[in-house]
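protein.tsv, holding TSV, C-alpha atoms:
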chain	number	residue	atom	x	y	z
A	1	MET	CA	91.75	196.63	28.14
A	2	SER	CA	88.75	198.59	29.36
A	3	ASN	CA	87.81	198.34	33.01
A	4	ASP	CA	84.57	196.70	31.88
A	5	ALA	CA	86.40	193.87	30.14
A	6	ARG	CA	88.76	193.42	33.08
A	7	GLU	CA	85.82	193.26	35.50
A	8	ARG	CA	83.98	190.81	33.23
A	9	ILE	CA	87.01	188.52	32.94
A	10	LEU	CA	87.74	188.47	36.67
A	11	THR	CA	84.07	187.89	37.53
A	12	ALA	CA	83.99	185.03	35.00
A	13	CYS	CA	87.17	183.63	36.55
A	14	GLU	CA	85.64	183.59	40.05
A	15	GLN	CA	82.39	182.06	38.79
A	16	THR	CA	84.28	179.36	36.91
A	17	ILE	CA	86.26	178.38	40.01
A	18	ALA	CA	83.15	178.62	42.22
A	19	ARG	CA	81.25	176.29	39.90
A	20	SER	CA	83.79	173.55	39.27
A	21	GLY	CA	86.63	174.06	41.73
A	22	ILE	CA	90.22	174.99	41.01
A	23	ARG	CA	91.43	171.55	39.91
A	24	GLY	CA	89.39	171.57	36.72
A	25	PHE	CA	90.19	175.22	36.10
A	26	ARG	CA	91.01	176.16	32.48
A	27	MET	CA	91.78	179.63	31.18
A	28	HIS	CA	89.83	178.66	28.07
A	29	ASP	CA	86.59	178.37	30.11
A	30	VAL	CA	87.14	181.83	31.56
A	31	ALA	CA	87.70	183.31	28.11
A	32	SER	CA	84.49	181.66	26.83
A	33	ALA	CA	82.45	182.82	29.85
A	34	ALA	CA	83.76	186.37	29.51
A	35	GLY	CA	83.31	186.40	25.73
A	36	VAL	CA	86.93	187.27	24.98
A	37	SER	CA	89.71	185.42	23.18
A	38	ILE	CA	92.22	183.32	25.07
A	39	GLY	CA	94.88	185.52	23.47
A	40	LEU	CA	93.41	188.65	25.04
A	41	LEU	CA	93.30	186.91	28.42
A	42	ALA	CA	96.95	185.88	28.14
A	43	TYR	CA	97.95	189.30	26.82
A	44	HIS	CA	96.49	191.09	29.84
A	45	PHE	CA	96.99	188.68	32.71
A	46	GLY	CA	99.97	186.67	31.50
A	47	ASP	CA	99.74	183.05	32.53
A	48	ARG	CA	97.33	181.14	34.77
A	49	ASN	CA	99.12	182.37	37.90
A	50	GLY	CA	98.80	185.99	36.79
A	51	LEU	CA	95.08	185.55	36.26
A	52	LEU	CA	94.60	183.82	39.62
A	53	GLN	CA	96.54	186.54	41.46
A	54	ALA	CA	94.36	189.19	39.80
A	55	ALA	CA	91.24	187.22	40.76
A	56	LEU	CA	92.33	187.05	44.42
A	57	ASP	CA	93.04	190.78	44.51
A	58	HIS	CA	89.68	191.39	42.83
A	59	VAL	CA	87.79	189.45	45.52
A	60	THR	CA	89.48	191.57	48.20
A	61	GLU	CA	88.83	194.85	46.34
A	62	ARG	CA	85.18	194.01	45.82
A	63	ALA	CA	84.62	193.25	49.49
A	64	GLU	CA	86.16	196.64	50.31
A	65	ASP	CA	83.94	198.29	47.70
A	66	ARG	CA	80.84	196.67	49.19
A	67	ALA	CA	81.79	197.89	52.64
A	68	ARG	CA	82.27	201.41	51.25
A	69	ARG	CA	79.00	201.39	49.27
A	70	SER	CA	76.82	201.06	52.35
A	71	PRO	CA	76.17	204.40	54.11
A	72	GLU	CA	79.45	205.43	55.76
A	73	PRO	CA	79.18	204.38	59.41
A	74	ALA	CA	80.09	207.09	61.87
A	75	THR	CA	82.73	205.25	63.90
A	76	ALA	CA	85.86	203.30	62.99
A	77	SER	CA	84.42	200.42	64.96
A	78	ALA	CA	81.28	200.34	62.79
A	79	ARG	CA	83.36	200.62	59.61
A	80	LEU	CA	85.49	197.71	60.80
A	81	SER	CA	82.39	195.64	61.46
A	82	ALA	CA	80.98	196.52	58.01
A	83	LEU	CA	84.24	195.61	56.27
A	84	LEU	CA	84.55	192.22	57.97
A	85	SER	CA	80.84	191.44	57.51
A	86	SER	CA	81.01	192.27	53.81
A	87	GLU	CA	82.75	188.91	53.29
A	88	PHE	CA	79.42	187.15	53.83
A	89	GLY	CA	76.15	187.70	52.00
A	90	ALA	CA	73.32	186.23	49.99
A	91	GLU	CA	74.41	187.81	46.68
A	92	PRO	CA	75.77	185.19	44.23
A	93	GLU	CA	78.85	187.33	43.53
A	94	VAL	CA	79.78	187.33	47.22
A	95	ARG	CA	79.56	183.56	47.44
A	96	ALA	CA	81.42	183.09	44.14
A	97	GLY	CA	84.23	185.37	45.28
A	98	SER	CA	84.51	183.63	48.62
A	99	THR	CA	84.42	180.17	47.03
A	100	ALA	CA	87.14	181.14	44.57
A	101	TRP	CA	89.28	182.52	47.39
A	102	ASN	CA	88.74	179.34	49.42
A	103	GLU	CA	89.79	177.16	46.48
A	104	LEU	CA	92.88	179.23	45.77
A	105	ARG	CA	93.94	179.05	49.42
A	106	ALA	CA	93.48	175.27	49.41
A	107	LEU	CA	95.59	175.04	46.25
A	108	ALA	CA	98.24	177.28	47.83
A	109	VAL	CA	99.06	174.50	50.32
A	110	PHE	CA	100.43	172.52	47.38
A	111	GLU	CA	101.53	175.22	44.90
A	112	PRO	CA	104.15	177.78	45.98
A	113	ALA	CA	103.15	180.29	43.27
A	114	GLN	CA	99.60	180.34	44.66
A	115	ALA	CA	100.92	180.62	48.22
A	116	VAL	CA	102.74	183.83	47.22
A	117	ALA	CA	99.57	185.19	45.60
A	118	VAL	CA	97.38	184.34	48.59
A	119	ALA	CA	99.90	185.81	51.03
A	120	ARG	CA	100.09	189.07	49.06
A	121	SER	CA	96.33	189.46	48.81
A	122	THR	CA	95.82	188.52	52.47
A	123	ALA	CA	98.45	191.04	53.60
A	124	THR	CA	96.71	193.85	51.71
A	125	TRP	CA	93.37	193.01	53.29
A	126	GLN	CA	94.86	192.60	56.76
A	127	GLN	CA	96.58	195.99	56.42
A	128	THR	CA	93.22	197.66	55.69
A	129	VAL	CA	91.71	195.94	58.73
A	130	GLN	CA	94.68	196.95	60.88
A	131	GLN	CA	94.21	200.64	60.02
A	132	LEU	CA	90.57	200.49	61.10
A	133	VAL	CA	91.50	198.61	64.28
A	134	ALA	CA	94.10	201.28	65.08
A	135	GLU	CA	91.42	203.99	64.70
A	136	ALA	CA	88.89	202.04	66.76
A	137	VAL	CA	91.49	201.39	69.48
A	138	ARG	CA	92.27	205.14	69.65
A	139	ASP	CA	88.55	206.01	69.79
A	140	ARG	CA	87.98	203.60	72.65
A	141	GLY	CA	91.21	204.09	74.56
A	142	SER	CA	91.78	200.33	74.34
A	143	ASP	CA	95.22	198.78	74.81
A	144	LEU	CA	94.76	196.14	72.07
A	145	ASP	CA	97.64	195.78	69.63
A	146	PRO	CA	96.26	196.71	66.18
A	147	ALA	CA	98.50	194.30	64.23
A	148	ALA	CA	97.78	191.30	66.48
A	149	THR	CA	94.06	192.16	66.52
A	150	ALA	CA	93.92	192.48	62.73
A	151	LEU	CA	95.42	189.00	62.45
A	152	ILE	CA	92.81	187.61	64.86
A	153	LEU	CA	89.93	189.26	62.99
A	154	THR	CA	91.00	188.38	59.45
A	155	ALA	CA	91.86	184.77	60.36
A	156	LEU	CA	88.47	184.53	62.12
A	157	VAL	CA	86.70	185.73	58.97
A	158	GLU	CA	88.61	183.15	56.90
A	159	GLY	CA	87.59	180.39	59.31
A	160	LEU	CA	83.96	181.54	59.29
A	161	SER	CA	84.08	181.66	55.52
A	162	GLY	CA	84.88	177.93	55.44
A	163	ARG	CA	81.95	177.26	57.79
A	164	TRP	CA	79.61	179.36	55.69
A	165	LEU	CA	80.63	177.82	52.35
A	166	THR	CA	80.15	174.31	53.73
A	167	GLY	CA	76.68	175.15	55.03
A	168	GLN	CA	77.57	175.01	58.71
A	169	LEU	CA	76.60	178.66	59.22
A	170	THR	CA	74.37	181.13	57.41
A	171	ALA	CA	75.85	184.44	56.25
A	172	GLU	CA	73.89	186.13	59.07
A	173	GLU	CA	75.32	183.75	61.69
A	174	ALA	CA	78.83	184.40	60.39
A	175	GLN	CA	78.24	188.16	60.60
A	176	GLU	CA	76.80	187.80	64.11
A	177	CYS	CA	79.95	185.89	65.13
A	178	VAL	CA	82.12	188.73	63.80
A	179	SER	CA	80.04	191.21	65.85
A	180	ALA	CA	80.34	189.01	68.95
A	181	ALA	CA	84.12	188.85	68.50
A	182	LEU	CA	84.38	192.62	68.14
A	183	ARG	CA	82.24	193.10	71.25
A	184	GLY	CA	84.25	190.47	73.12
A	185	LEU	CA	87.49	192.28	72.25
A	186	GLY	CA	85.95	195.59	73.33
A	187	LEU	CA	85.90	197.07	69.81
B	1	MET	CA	90.34	145.24	63.34
B	2	SER	CA	92.94	145.98	65.98
B	3	ASN	CA	93.35	149.56	67.14
B	4	ASP	CA	96.87	149.43	65.70
B	5	ALA	CA	95.60	148.64	62.22
B	6	ARG	CA	92.90	151.31	62.47
B	7	GLU	CA	95.45	153.89	63.60
B	8	ARG	CA	97.84	152.85	60.81
B	9	ILE	CA	95.14	153.12	58.14
B	10	LEU	CA	93.88	156.52	59.28
B	11	THR	CA	97.40	157.90	59.59
B	12	ALA	CA	98.16	156.60	56.09
B	13	CYS	CA	94.94	158.22	54.85
B	14	GLU	CA	95.93	161.63	56.26
B	15	GLN	CA	99.46	161.35	54.89
B	16	THR	CA	98.17	160.41	51.45
B	17	ILE	CA	95.87	163.43	51.32
B	18	ALA	CA	98.56	165.70	52.78
B	19	ARG	CA	101.03	164.60	50.10
B	20	SER	CA	98.90	164.77	46.98
B	21	GLY	CA	95.70	166.58	47.87
B	22	ILE	CA	92.19	165.19	47.94
B	23	ARG	CA	91.50	165.31	44.20
B	24	GLY	CA	93.97	162.54	43.40
B	25	PHE	CA	92.91	160.55	46.46
B	26	ARG	CA	92.54	156.78	45.92
B	27	MET	CA	91.62	154.23	48.58
B	28	HIS	CA	94.10	151.92	46.89
B	29	ASP	CA	97.01	154.23	47.82
B	30	VAL	CA	95.90	154.26	51.45
B	31	ALA	CA	95.71	150.47	51.54
B	32	SER	CA	99.23	150.22	50.05
B	33	ALA	CA	100.67	152.78	52.46
B	34	ALA	CA	99.06	151.05	55.45
B	35	GLY	CA	100.06	147.58	54.22
B	36	VAL	CA	96.51	146.21	54.22
B	37	SER	CA	94.26	144.93	51.47
B	38	ILE	CA	91.73	147.19	49.80
B	39	GLY	CA	89.12	144.63	50.88
B	40	LEU	CA	90.00	145.10	54.56
B	41	LEU	CA	89.79	148.86	54.13
B	42	ALA	CA	86.35	148.61	52.54
B	43	TYR	CA	85.21	146.06	55.11
B	44	HIS	CA	86.02	148.34	58.03
B	45	PHE	CA	85.35	151.83	56.72
B	46	GLY	CA	82.80	151.14	54.00
B	47	ASP	CA	83.26	153.45	51.02
B	48	ARG	CA	85.49	156.45	50.40
B	49	ASN	CA	83.13	158.72	52.36
B	50	GLY	CA	83.24	156.41	55.37
B	51	LEU	CA	87.03	156.45	55.35
B	52	LEU	CA	87.17	160.24	54.97
B	53	GLN	CA	84.70	160.75	57.85
B	54	ALA	CA	86.84	158.47	60.05
B	55	ALA	CA	89.95	160.40	59.02
B	56	LEU	CA	88.36	163.73	59.98
B	57	ASP	CA	87.26	162.38	63.35
B	58	HIS	CA	90.76	160.95	63.82
B	59	VAL	CA	92.42	164.34	63.27
B	60	THR	CA	90.14	165.86	65.91
B	61	GLU	CA	90.74	163.02	68.39
B	62	ARG	CA	94.48	163.21	67.97
B	63	ALA	CA	94.56	166.94	68.63
B	64	GLU	CA	92.59	166.30	71.83
B	65	ASP	CA	95.01	163.50	72.77
B	66	ARG	CA	97.98	165.79	72.24
B	67	ALA	CA	96.40	168.43	74.44
B	68	ARG	CA	95.80	165.81	77.16
B	69	ARG	CA	99.31	164.31	76.91
B	70	SER	CA	101.01	167.51	78.01
B	71	PRO	CA	101.07	168.01	81.80
B	72	GLU	CA	97.50	168.80	82.86
B	73	PRO	CA	97.31	172.58	83.20
B	74	ALA	CA	95.77	173.78	86.44
B	75	THR	CA	93.06	176.04	85.04
B	76	ALA	CA	90.30	175.60	82.46
B	77	SER	CA	91.71	178.63	80.69
B	78	ALA	CA	95.14	176.97	80.34
B	79	ARG	CA	93.53	173.71	79.16
B	80	LEU	CA	91.55	175.66	76.58
B	81	SER	CA	94.71	177.34	75.35
B	82	ALA	CA	96.53	173.98	75.17
B	83	LEU	CA	93.67	172.36	73.24
B	84	LEU	CA	93.47	175.14	70.66
B	85	SER	CA	97.26	175.38	70.31
B	86	SER	CA	97.56	171.63	69.77
B	87	GLU	CA	96.27	172.21	66.23
B	88	PHE	CA	99.65	173.70	65.28
B	89	GLY	CA	103.08	172.16	65.63
B	90	ALA	CA	106.32	171.11	63.98
B	91	GLU	CA	105.56	167.35	64.12
B	92	PRO	CA	104.86	165.91	60.64
B	93	GLU	CA	101.71	164.17	61.93
B	94	VAL	CA	100.25	167.49	63.09
B	95	ARG	CA	100.81	169.10	59.71
B	96	ALA	CA	99.53	166.02	57.84
B	97	GLY	CA	96.36	165.95	59.93
B	98	SER	CA	95.76	169.64	59.44
B	99	THR	CA	96.45	169.45	55.69
B	100	ALA	CA	94.03	166.54	55.33
B	101	TRP	CA	91.36	168.43	57.26
B	102	ASN	CA	91.93	171.52	55.12
B	103	GLU	CA	91.56	169.50	51.91
B	104	LEU	CA	88.41	167.76	53.12
B	105	ARG	CA	86.85	171.08	54.08
B	106	ALA	CA	87.68	172.51	50.65
B	107	LEU	CA	86.10	169.47	49.02
B	108	ALA	CA	83.03	169.84	51.26
B	109	VAL	CA	82.13	173.08	49.44
B	110	PHE	CA	81.43	170.95	46.37
B	111	GLU	CA	80.43	167.54	47.82
B	112	PRO	CA	77.42	167.33	50.18
B	113	ALA	CA	78.57	164.03	51.71
B	114	GLN	CA	81.83	165.64	52.77
B	115	ALA	CA	79.99	168.70	54.07
B	116	VAL	CA	78.03	166.42	56.42
B	117	ALA	CA	81.24	164.74	57.59
B	118	VAL	CA	83.04	168.04	58.17
B	119	ALA	CA	80.04	169.50	60.01
B	120	ARG	CA	79.83	166.47	62.32
B	121	SER	CA	83.51	166.47	63.16
B	122	THR	CA	83.56	170.24	63.63
B	123	ALA	CA	80.55	170.11	65.96
B	124	THR	CA	82.26	167.51	68.17
B	125	TRP	CA	85.41	169.60	68.45
B	126	GLN	CA	83.46	172.82	69.06
B	127	GLN	CA	81.47	171.09	71.82
B	128	THR	CA	84.71	170.16	73.61
B	129	VAL	CA	85.93	173.75	73.31
B	130	GLN	CA	82.59	175.07	74.55
B	131	GLN	CA	82.78	172.97	77.73
B	132	LEU	CA	86.22	174.39	78.51
B	133	VAL	CA	85.04	177.93	77.73
B	134	ALA	CA	82.08	177.42	80.10
B	135	GLU	CA	84.50	176.36	82.88
B	136	ALA	CA	86.89	179.23	82.16
B	137	VAL	CA	83.99	181.71	82.13
B	138	ARG	CA	82.83	180.44	85.53
B	139	ASP	CA	86.37	180.62	86.95
B	140	ARG	CA	86.75	184.21	85.78
B	141	GLY	CA	83.24	185.47	86.44
B	142	SER	CA	83.10	186.58	82.81
B	143	ASP	CA	79.80	187.23	81.02
B	144	LEU	CA	80.92	185.72	77.70
B	145	ASP	CA	78.49	183.29	76.09
B	146	PRO	CA	80.27	179.90	75.92
B	147	ALA	CA	78.60	178.75	72.68
B	148	ALA	CA	79.28	182.01	70.82
B	149	THR	CA	82.84	182.11	72.16
B	150	ALA	CA	83.52	178.49	71.16
B	151	LEU	CA	82.43	179.36	67.62
B	152	ILE	CA	84.78	182.36	67.58
B	153	LEU	CA	87.72	180.32	68.86
B	154	THR	CA	87.28	177.25	66.66
B	155	ALA	CA	86.68	179.34	63.52
B	156	LEU	CA	89.76	181.39	64.42
B	157	VAL	CA	91.85	178.21	64.68
B	158	GLU	CA	90.56	177.06	61.29
B	159	GLY	CA	91.47	180.40	59.73
B	160	LEU	CA	94.92	180.34	61.34
B	161	SER	CA	95.36	176.80	60.10
B	162	GLY	CA	94.95	178.01	56.51
B	163	ARG	CA	97.56	180.72	57.14
B	164	TRP	CA	99.96	178.24	58.70
B	165	LEU	CA	99.62	175.61	55.96
B	166	THR	CA	100.24	178.23	53.26
B	167	GLY	CA	103.38	179.47	55.01
B	168	GLN	CA	101.96	182.84	56.04
B	169	LEU	CA	102.48	182.08	59.74
B	170	THR	CA	104.70	179.72	61.72
B	171	ALA	CA	103.08	177.29	64.17
B	172	GLU	CA	104.39	179.49	67.00
B	173	GLU	CA	102.86	182.62	65.50
B	174	ALA	CA	99.52	180.84	65.11
B	175	GLN	CA	99.70	179.71	68.76
B	176	GLU	CA	100.62	183.23	69.86
B	177	CYS	CA	97.57	184.56	67.98
B	178	VAL	CA	95.35	182.05	69.84
B	179	SER	CA	96.82	183.26	73.15
B	180	ALA	CA	96.29	186.90	72.15
B	181	ALA	CA	92.65	186.16	71.27
B	182	LEU	CA	92.08	184.42	74.61
B	183	ARG	CA	93.67	187.35	76.46
B	184	GLY	CA	91.68	189.85	74.37
B	185	LEU	CA	88.44	188.04	75.27
B	186	GLY	CA	89.45	187.98	78.94
B	187	LEU	CA	89.88	184.18	79.08
Can you present the structure in this file as structure tokens?
Amino acid sequence: MSNDARERILTACEQTIARSGIRGFRMHDVASAAGVSIGLLAYHFGDRNGLLQAALDHVTERAEDRARRSPEPATASARLSALLSSEFGAEPEVRAGSTAWNELRALAVFEPAQAVAVARSTATWQQTVQQLVAEAVRDRGSDLDPAATALILTALVEGLSGRWLTGQLTAEEAQECVSAALRGLGL
Amino acid sequence: MSNDARERILTACEQTIARSGIRGFRMHDVASAAGVSIGLLAYHFGDRNGLLQAALDHVTERAEDRARRSPEPATASARLSALLSSEFGAEPEVRAGSTAWNELRALAVFEPAQAVAVARSTATWQQTVQQLVAEAVRDRGSDLDPAATALILTALVEGLSGRWLTGQLTAEEAQECVSAALRGLGL
């Protein structure tokens, strides 16, 4: 499968979940939205769980891509801030990705296969954050523990994401909260 | 309605959502589990949205009760830590309450009436946290902004809650992360 088709399918998957929620989710709708056959979908992603795992990983990868696309900030601290803030934004694709992630995490409370997928994708993201925290801590001569701090920051972003998606915060307010947390922790 | 009946109905409501998720939620099941008629339920809580709002508020109140039941810690900082940590625990009622909250927040992304209920209940909880932060900040001569810090801490707890409910963290690890955040912020 070309990268284009893969991208189109995963984007369609996120939009489908973001529109109707995970409970009404059907692979058939994703195939229709992406303009591919259900057979091609199954061939490349396996079953529903395979597709949902790929969609979770895709949301994470895209947030990292967005953070990288902006002009490279000079310090690890600024890169960390950009990475965490990239989870919020006015672009429809950002909201769709975040909504899909939120739905899959809610489902994971009840479905062990989804819990494994969410844990794997979360661990990858948290590892990226931890590397930036470790750099920022070295730059600043701070005594923060990078692993513990990465858990704080990624869990904070997940909590803020729920606030943002339910209209309790704007994307800008969520980003400002991330900045305040980084300042508060001395990063 | 006696406080006993109210407590029994709201506990049954949380357990019903925690067992089967919000999508299959029926007021009838709550009435059965609580041993009351569906008419009594409707009479006291109004419609489904009224019951769900009461259940959200009940989860928040119970966490505050749990924090108060433990021996009163001497400092505002210790009370803040106890309040935030009371969201996690091995007791089935703690997990049921948290699971119900998590489901209602996920639903709120798609249902405006639930978004209003979640926002109201969240604001109440965050206000309680903010008062304790303000005290702790005074005690410590810190220059943290209590409102901004209360947002950081409550969003962090919500994010950790998602990790805990999906088996990515134990209750103790979530509590340790709250403590690390408080220490990192100098509280």
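Closest approach to chain A from the set B:Gln175, B:Ser121, B:Ser70, B:Thr99 is made by B:Thr99, with distances taken over all atoms listed in the file.
With all atoms listed in the file as the atoms that count, the residue of B:Arg23, B:Gln53, B:Leu80, B:Ala34 with the shortest distance to B:Val137 is B:Leu80.
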Just the residues within 10 Å of B:Glu87, please, counting all atoms listed in the file, with nothing from its chain fewer than 3 positions along; format it as a list in words. Val59, Thr60, Arg62, Ala63, Glu64, Arg66, Ala67, Ala82, Leu83, Leu84, Val94, Arg95, Gly97, Ser98, Val157, Glu158, Leu160, Ser161, Ala171, Ala174 and Gln175 of chain B
So that I can check the surroundings of stretch 4-13 of chain B, please list as a CSV table (one decimal) with C-alpha atoms, in the coordinates of the input every protein, DNA and RNA residue that reaches within 6 Å of it, counting all atoms listed in the file and ignoring chain neighbours fewer than 6 positions away.
chain,number,residue,atom,x,y,z
B,30,VAL,CA,95.9,154.3,51.4
B,33,ALA,CA,100.7,152.8,52.5
B,34,ALA,CA,99.1,151.0,55.4
B,55,ALA,CA,90.0,160.4,59.0
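Going from atom CA of B:Leu185 to atom CA of A:Ala136 covers 16.4 Å.
If you take all atoms listed in the file and a cut-off of 6 Å, the residues of chain A that reach chain B are Ala108, Val109, Ala115, Ala155, Leu156, Glu158, Gly159, Leu160, Leu165, Thr166, Gly184 and Leu185 of chain A.
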Quick one: stretch 89-103 of chain B from the block, N, CA, C and O atoms, as a short mmCIF file (atom, residue, chain, number, x, y, z; two decimals), in the first residue's frame.
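Output contents, as saved in selection.cif:
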data_model
loop_
_atom_site.label_atom_id
_atom_site.label_comp_id
_atom_site.auth_asym_id
_atom_site.auth_seq_id
_atom_site.Cartn_x
_atom_site.Cartn_y
_atom_site.Cartn_z
N GLY B 89 -7.58 4.63 44.26
CA GLY B 89 -7.58 3.73 45.40
C GLY B 89 -8.08 2.36 45.03
O GLY B 89 -8.71 2.17 43.98
N ALA B 90 -7.81 1.41 45.90
CA ALA B 90 -8.16 0.01 45.62
C ALA B 90 -9.64 -0.28 45.86
O ALA B 90 -10.17 -1.27 45.35
N GLU B 91 -10.34 0.57 46.62
CA GLU B 91 -11.74 0.30 46.95
C GLU B 91 -12.59 0.30 45.67
O GLU B 91 -12.47 1.20 44.84
N PRO B 92 -13.48 -0.70 45.55
CA PRO B 92 -14.32 -0.78 44.34
C PRO B 92 -15.11 0.50 44.10
O PRO B 92 -15.31 0.91 42.95
N GLU B 93 -15.57 1.17 45.15
CA GLU B 93 -16.37 2.38 44.95
C GLU B 93 -15.53 3.51 44.34
O GLU B 93 -16.06 4.34 43.59
N VAL B 94 -14.25 3.54 44.64
CA VAL B 94 -13.39 4.58 44.07
C VAL B 94 -13.23 4.34 42.57
O VAL B 94 -13.38 5.24 41.75
N ARG B 95 -12.97 3.09 42.21
CA ARG B 95 -12.82 2.77 40.79
C ARG B 95 -14.14 2.96 40.04
O ARG B 95 -14.16 3.49 38.92
N ALA B 96 -15.25 2.56 40.65
CA ALA B 96 -16.55 2.71 39.98
C ALA B 96 -16.85 4.19 39.73
O ALA B 96 -17.28 4.58 38.64
N GLY B 97 -16.59 5.02 40.74
CA GLY B 97 -16.84 6.45 40.59
C GLY B 97 -15.98 7.05 39.49
O GLY B 97 -16.44 7.81 38.65
N SER B 98 -14.71 6.66 39.47
CA SER B 98 -13.79 7.20 38.49
C SER B 98 -14.14 6.71 37.08
O SER B 98 -14.07 7.47 36.11
N THR B 99 -14.55 5.45 36.98
CA THR B 99 -14.93 4.90 35.68
C THR B 99 -16.18 5.62 35.15
O THR B 99 -16.26 5.96 33.96
N ALA B 100 -17.14 5.86 36.04
CA ALA B 100 -18.36 6.55 35.63
C ALA B 100 -18.03 7.96 35.15
O ALA B 100 -18.50 8.41 34.09
N TRP B 101 -17.19 8.65 35.91
CA TRP B 101 -16.77 10.00 35.52
C TRP B 101 -16.11 9.98 34.16
O TRP B 101 -16.38 10.80 33.27
N ASN B 102 -15.20 9.04 33.95
CA ASN B 102 -14.46 8.90 32.71
C ASN B 102 -15.42 8.68 31.52
O ASN B 102 -15.28 9.29 30.46
N GLU B 103 -16.41 7.84 31.72
CA GLU B 103 -17.40 7.57 30.68
C GLU B 103 -18.22 8.82 30.38
O GLU B 103 -18.51 9.13 29.22
#
